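Below: the structure, in structure tokens.
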There are 2 protein chains.
Amino acid sequence: MEIKVLKDILSANDKRAEENRALLNSHNILAVNITASPGAGKTSLILETIRRVKNEIKIGVIEGDVSSSIDAKAVGEEGVPVVQINTGGTCHLDANMISNAVCNLPLQDINLLLVENVGNLICPAGFALGTHRDVLVSSVPEGDDKPYKYPAMFSQSDVVVLNKMDLLPHLDFDRQAFFKAVKGINERAKIFELSCKTAQGIQEWISWLLAQLSTP
Amino acid sequence: MEIKVLKDILSANDKRAEENRALLNSHNILAVNITASPGAGKTSLILETIRRVKNEIKIGVIEGDVSSSIDAKAVGEEGVPVVQINTGGTCHLDANMISNAVCNLPLQDINLLLVENVGNLICPAGFALGTHRDVLVSSVPEGDDKPYKYPAMFSQSDVVVLNKMDLLPHLDFDRQAFFKAVKGINERAKIFELSCKTAQGIQEWISWLLAQLSTP
């Protein structure tokens with residue numbers, strides 16, 4: 001009985017996700033779902049990306065948080081259209097939330113939609129949004145064993161960004177162990193080692209992102 | 001209809017949590033629920049605590065993870081009884097899982113039970129376990145705005161441990177802003193600034209923890 005209810009919710013979500021995808025495609029928008037644990041640097045990555053490409057392409061942002069609009073404010077100051085979703089306790093974004101948010105964005109003026117999911121390495125894995133790429137931001141201070149502990153999220157990401165590389169000298173983080181763990185769970189995942197603070201690796205990330213715009 | 005199901009689950013969980021509490025009380029065990037986002041340092045805090053008090057008091061540990069038994073292995077090497085719960089995708093521990101785990105621990109030989117919850121700053125807030133104290137581990141690299149984004153977890157914690165203080169010189173973290181954010185949400189929360197790496201603040205944390213044993 002309970003399982004049946006869950007199935008219904010999920011298939012309704014998948015249906016809505018497909019509708020979102022169709023709407024985005026009709027506007028030629030590439031949408032990227034960015035997930036991470038709290039404080040890994042999703043917002044920093046989005047801000048750094050906006051600063052580097054906003055003169056080349058038109059960006060829109062959806063910010064997801066349980067509470068507050070701190071991140072949307074920071075994004076708005078960069079001069080790009082942004083919608084904040086406050087989930088009010090819910091631990092993930094879902095396709096319905098995206099559908100509502102998208103209606104509040106000027107879609108004709110957007111080529112790239114960055115969606116910042118709720119900070120959570122577990123629950124977002126179960127809810128398709130209709131986005132075209134999944135990017136997981138992990139960070140050096142979290143430790144090199146995270147792929148083993150949160151396999152669902154790592155297994156379904158197209159890209160893993162390893163952020164805060166500038167802190168590597170101050171931490172016991174085994175890069176090879178992290179690479180091995182990611183690849184063991186998800187062979188196809190591309191990994192970018194990056195620091196939003198020093199700009200290490202940012203250019204490689206931007207190049208990948210821009211290349212996706214021509215290969216949806 | 002759905003709300004009713006949710007209510008039933010929650011009240012069943014609360015009932016089981018009360019049973020857990022009664023069982024722990026009958027054995028004179030103080031149980032501490034330790035929550036955090038992934039990689040904030042829950043396991044490091046538990047290991048450091050064990051090393052410092054295992055000659056004084058008898059400790060048992062329950063390790064909660066979506067997947068893997070990495071943490072239970074590390075704790076077991078310290079020579080204390082430990083049970084690993086793998087939730088298999090579920091984003092929080094619940095009272096039923098604790099009930100099963102407790103049956104596999106030598107309760108007569110334990111004074112202090114440390115429960116490491118799943119790494120998640122949202123979902124564990126909704127599920128009582130039957131423990132006596134809630135300790136939230138936050139860490140400097142996560143940033144000083146986390147209380148605003150995850151208010152439920154911060155509001156119901158007795159203690160907030162701010163870990164990885166050794167990284168403070170390398171990050172833009174405003175201690176006063178963090179204190180203000182915590183106190184704004186939860187005036188009664190005790191805050192310990194601590195580093196498991198340099199041992200800064202560990203003694204204050206241990207003193208608090210030992211004092212709880214005599215005031216359940």
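Residues are referred to by chain and number: the chain letter is A, B, ... according to the order shown in the structure tokens, the number counts from 1 in that chain, and ligands are numbered separately from 1 in the order shown.
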Identify all chain B residues at most 7 Å from chain A by counting only C-alpha atoms; ligands do not count. Present them as an mmCIF file with N, CA, C and O atoms, in the first residue's frame.
```cif
data_model
loop_
_atom_site.group_PDB
_atom_site.id
_atom_site.type_symbol
_atom_site.label_atom_id
_atom_site.label_comp_id
_atom_site.auth_asym_id
_atom_site.auth_seq_id
_atom_site.Cartn_x
_atom_site.Cartn_y
_atom_site.Cartn_z
ATOM 1 N N SER B 37 26.308 17.400 8.441
ATOM 2 C CA SER B 37 26.358 17.174 7.001
ATOM 3 C C SER B 37 27.509 16.206 6.707
ATOM 4 O O SER B 37 28.358 15.968 7.559
ATOM 5 N N PRO B 38 27.536 15.623 5.508
ATOM 6 C CA PRO B 38 28.618 14.685 5.183
ATOM 7 C C PRO B 38 29.990 15.325 5.350
ATOM 8 O O PRO B 38 30.218 16.441 4.868
ATOM 9 N N GLY B 39 30.888 14.636 6.049
ATOM 10 C CA GLY B 39 32.266 15.092 6.128
ATOM 11 C C GLY B 39 32.545 16.222 7.102
ATOM 12 O O GLY B 39 33.621 16.815 7.065
ATOM 13 N N ALA B 40 31.613 16.505 8.002
ATOM 14 C CA ALA B 40 31.844 17.576 8.979
ATOM 15 C C ALA B 40 32.761 17.114 10.111
ATOM 16 O O ALA B 40 33.362 17.936 10.801
ATOM 17 N N ASP B 65 24.984 4.861 8.378
ATOM 18 C CA ASP B 65 25.396 5.307 7.048
ATOM 19 C C ASP B 65 24.437 4.735 6.022
ATOM 20 O O ASP B 65 23.870 3.663 6.215
ATOM 21 N N VAL B 66 24.268 5.441 4.918
ATOM 22 C CA VAL B 66 23.495 4.899 3.803
ATOM 23 C C VAL B 66 24.130 3.589 3.346
ATOM 24 O O VAL B 66 23.457 2.599 3.085
ATOM 25 N N SER B 67 25.455 3.585 3.286
ATOM 26 C CA SER B 67 26.200 2.473 2.715
ATOM 27 C C SER B 67 27.586 2.433 3.351
ATOM 28 O O SER B 67 28.040 3.423 3.891
ATOM 29 N N SER B 68 28.245 1.291 3.294
ATOM 30 C CA SER B 68 29.625 1.064 3.770
ATOM 31 C C SER B 68 29.690 0.843 5.281
ATOM 32 O O SER B 68 28.759 1.161 6.018
ATOM 33 N N CYS B 91 17.540 8.295 4.394
ATOM 34 C CA CYS B 91 18.358 9.492 4.620
ATOM 35 C C CYS B 91 18.499 9.873 6.093
ATOM 36 O O CYS B 91 18.957 10.965 6.404
ATOM 37 N N ASN B 120 23.514 14.269 7.030
ATOM 38 C CA ASN B 120 22.358 14.932 6.414
ATOM 39 C C ASN B 120 21.890 16.021 7.377
ATOM 40 O O ASN B 120 21.605 15.731 8.542
ATOM 41 N N ILE B 122 19.087 17.742 7.142
ATOM 42 C CA ILE B 122 17.654 18.013 7.020
ATOM 43 C C ILE B 122 16.811 16.907 7.671
ATOM 44 O O ILE B 122 16.166 17.110 8.689
ATOM 45 N N CYS B 123 16.850 15.728 7.072
ATOM 46 C CA CYS B 123 15.882 14.672 7.419
ATOM 47 C C CYS B 123 15.979 14.137 8.859
ATOM 48 O O CYS B 123 14.943 13.822 9.456
ATOM 49 N N PRO B 141 34.784 24.805 7.121
ATOM 50 C CA PRO B 141 34.721 24.914 5.648
ATOM 51 C C PRO B 141 33.307 24.992 5.078
ATOM 52 O O PRO B 141 33.116 25.415 3.947
ATOM 53 N N GLU B 142 32.306 24.591 5.840
ATOM 54 C CA GLU B 142 30.923 24.649 5.349
ATOM 55 C C GLU B 142 30.383 26.083 5.277
ATOM 56 O O GLU B 142 29.373 26.326 4.613
ATOM 57 N N GLY B 143 31.012 26.993 5.995
ATOM 58 C CA GLY B 143 30.573 28.387 5.967
ATOM 59 C C GLY B 143 29.722 28.761 7.155
ATOM 60 O O GLY B 143 29.134 27.904 7.819
ATOM 61 N N TYR B 148 21.094 29.343 9.056
ATOM 62 C CA TYR B 148 19.953 29.947 8.350
ATOM 63 C C TYR B 148 19.352 28.987 7.338
ATOM 64 O O TYR B 148 18.159 29.036 7.052
ATOM 65 N N LYS B 149 20.196 28.127 6.762
ATOM 66 C CA LYS B 149 19.732 27.236 5.689
ATOM 67 C C LYS B 149 19.148 25.932 6.210
ATOM 68 O O LYS B 149 18.363 25.278 5.513
ATOM 69 N N TYR B 150 19.550 25.525 7.397
ATOM 70 C CA TYR B 150 19.085 24.254 7.968
ATOM 71 C C TYR B 150 18.567 24.493 9.390
ATOM 72 O O TYR B 150 19.069 23.914 10.355
#
```
Legend entry - Residue nearest B:Leu210 - candidates B:Thr49, B:Asn117, B:Ser44, B:Asn96, atoms counted: only C-alpha atoms: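 Nearest to B:Leu210: B:Thr49.
A straight line drawn from atom CA of B:Phe179 to atom CA of B:Asp134 is 17.8 Å long.
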Inset, instruction - Select from stretch 35-196 of chain B everything DSSP, run on the backbone, classes as alpha helix (DSSP H), then give the selection as a PyMOL selection string. - result: chain B and resi 42-53+70-76+95-102+146-149+151-155+175-185
Write to file, as a PDB file, in the first residue's frame, the residues of the selection just made, with C-alpha atoms.
```pdb
ATOM      1  CA  LYS B  42      31.258  13.184  13.290  1.00  0.00           C
ATOM      2  CA  THR B  43      33.464  10.100  13.172  1.00  0.00           C
ATOM      3  CA  SER B  44      36.616  12.051  14.031  1.00  0.00           C
ATOM      4  CA  LEU B  45      34.849  13.531  17.066  1.00  0.00           C
ATOM      5  CA  ILE B  46      33.664  10.086  18.160  1.00  0.00           C
ATOM      6  CA  LEU B  47      37.146   8.570  17.756  1.00  0.00           C
ATOM      7  CA  GLU B  48      38.802  11.444  19.637  1.00  0.00           C
ATOM      8  CA  THR B  49      36.200  11.153  22.414  1.00  0.00           C
ATOM      9  CA  ILE B  50      36.705   7.403  22.745  1.00  0.00           C
ATOM     10  CA  ARG B  51      40.492   7.778  23.007  1.00  0.00           C
ATOM     11  CA  ARG B  52      40.158  10.318  25.799  1.00  0.00           C
ATOM     12  CA  VAL B  53      37.529   8.707  28.003  1.00  0.00           C
ATOM     13  CA  ILE B  70      34.158   2.335   7.016  1.00  0.00           C
ATOM     14  CA  ASP B  71      33.301   4.202  10.219  1.00  0.00           C
ATOM     15  CA  ALA B  72      32.343   1.138  12.272  1.00  0.00           C
ATOM     16  CA  LYS B  73      35.674  -0.447  11.350  1.00  0.00           C
ATOM     17  CA  ALA B  74      37.567   2.630  12.594  1.00  0.00           C
ATOM     18  CA  VAL B  75      35.577   2.687  15.834  1.00  0.00           C
ATOM     19  CA  GLY B  76      36.006  -1.078  16.351  1.00  0.00           C
ATOM     20  CA  ALA B  95      13.853   4.695  16.359  1.00  0.00           C
ATOM     21  CA  ASN B  96      13.261   1.231  14.945  1.00  0.00           C
ATOM     22  CA  MET B  97      16.803   1.013  13.575  1.00  0.00           C
ATOM     23  CA  ILE B  98      18.152   2.060  16.984  1.00  0.00           C
ATOM     24  CA  SER B  99      15.976  -0.547  18.694  1.00  0.00           C
ATOM     25  CA  ASN B 100      17.482  -3.274  16.485  1.00  0.00           C
ATOM     26  CA  ALA B 101      21.022  -1.987  16.934  1.00  0.00           C
ATOM     27  CA  VAL B 102      20.741  -1.724  20.723  1.00  0.00           C
ATOM     28  CA  LYS B 146      24.471  27.073   7.648  1.00  0.00           C
ATOM     29  CA  PRO B 147      22.117  27.757  10.619  1.00  0.00           C
ATOM     30  CA  TYR B 148      19.953  29.947   8.350  1.00  0.00           C
ATOM     31  CA  LYS B 149      19.732  27.236   5.689  1.00  0.00           C
ATOM     32  CA  PRO B 151      17.142  25.782  10.855  1.00  0.00           C
ATOM     33  CA  ALA B 152      15.269  22.665  12.026  1.00  0.00           C
ATOM     34  CA  MET B 153      18.422  20.720  12.857  1.00  0.00           C
ATOM     35  CA  PHE B 154      20.108  23.688  14.540  1.00  0.00           C
ATOM     36  CA  SER B 155      16.981  24.560  16.528  1.00  0.00           C
ATOM     37  CA  ARG B 175      32.851  33.320  13.880  1.00  0.00           C
ATOM     38  CA  GLN B 176      30.657  36.071  15.268  1.00  0.00           C
ATOM     39  CA  ALA B 177      28.188  35.696  12.376  1.00  0.00           C
ATOM     40  CA  PHE B 178      28.014  31.943  13.027  1.00  0.00           C
ATOM     41  CA  PHE B 179      27.445  32.435  16.771  1.00  0.00           C
ATOM     42  CA  LYS B 180      24.756  35.008  16.053  1.00  0.00           C
ATOM     43  CA  ALA B 181      23.032  32.691  13.562  1.00  0.00           C
ATOM     44  CA  VAL B 182      23.024  29.743  15.981  1.00  0.00           C
ATOM     45  CA  LYS B 183      21.816  31.806  18.920  1.00  0.00           C
ATOM     46  CA  GLY B 184      19.132  33.460  16.796  1.00  0.00           C
ATOM     47  CA  ILE B 185      17.637  30.044  16.051  1.00  0.00           C
TER      48      ILE B 185
END
```
Legend entry - Shell around A:Val115 at 9 Å using only C-alpha atoms, local window under 3 positions removed, as a ChimeraX atom specification: /A:31-35,60-64,98,131
Inset, instruction - List the neighbours of A:Leu194 out to 9 Å using only C-alpha atoms; skip same-chain residues closer than 4 positions along the sequence, and give me the result as JSON, numbers by chain. - result: {"A": [161, 162, 163, 164, 165, 166, 198, 199, 200, 201, 202, 204, 205]}
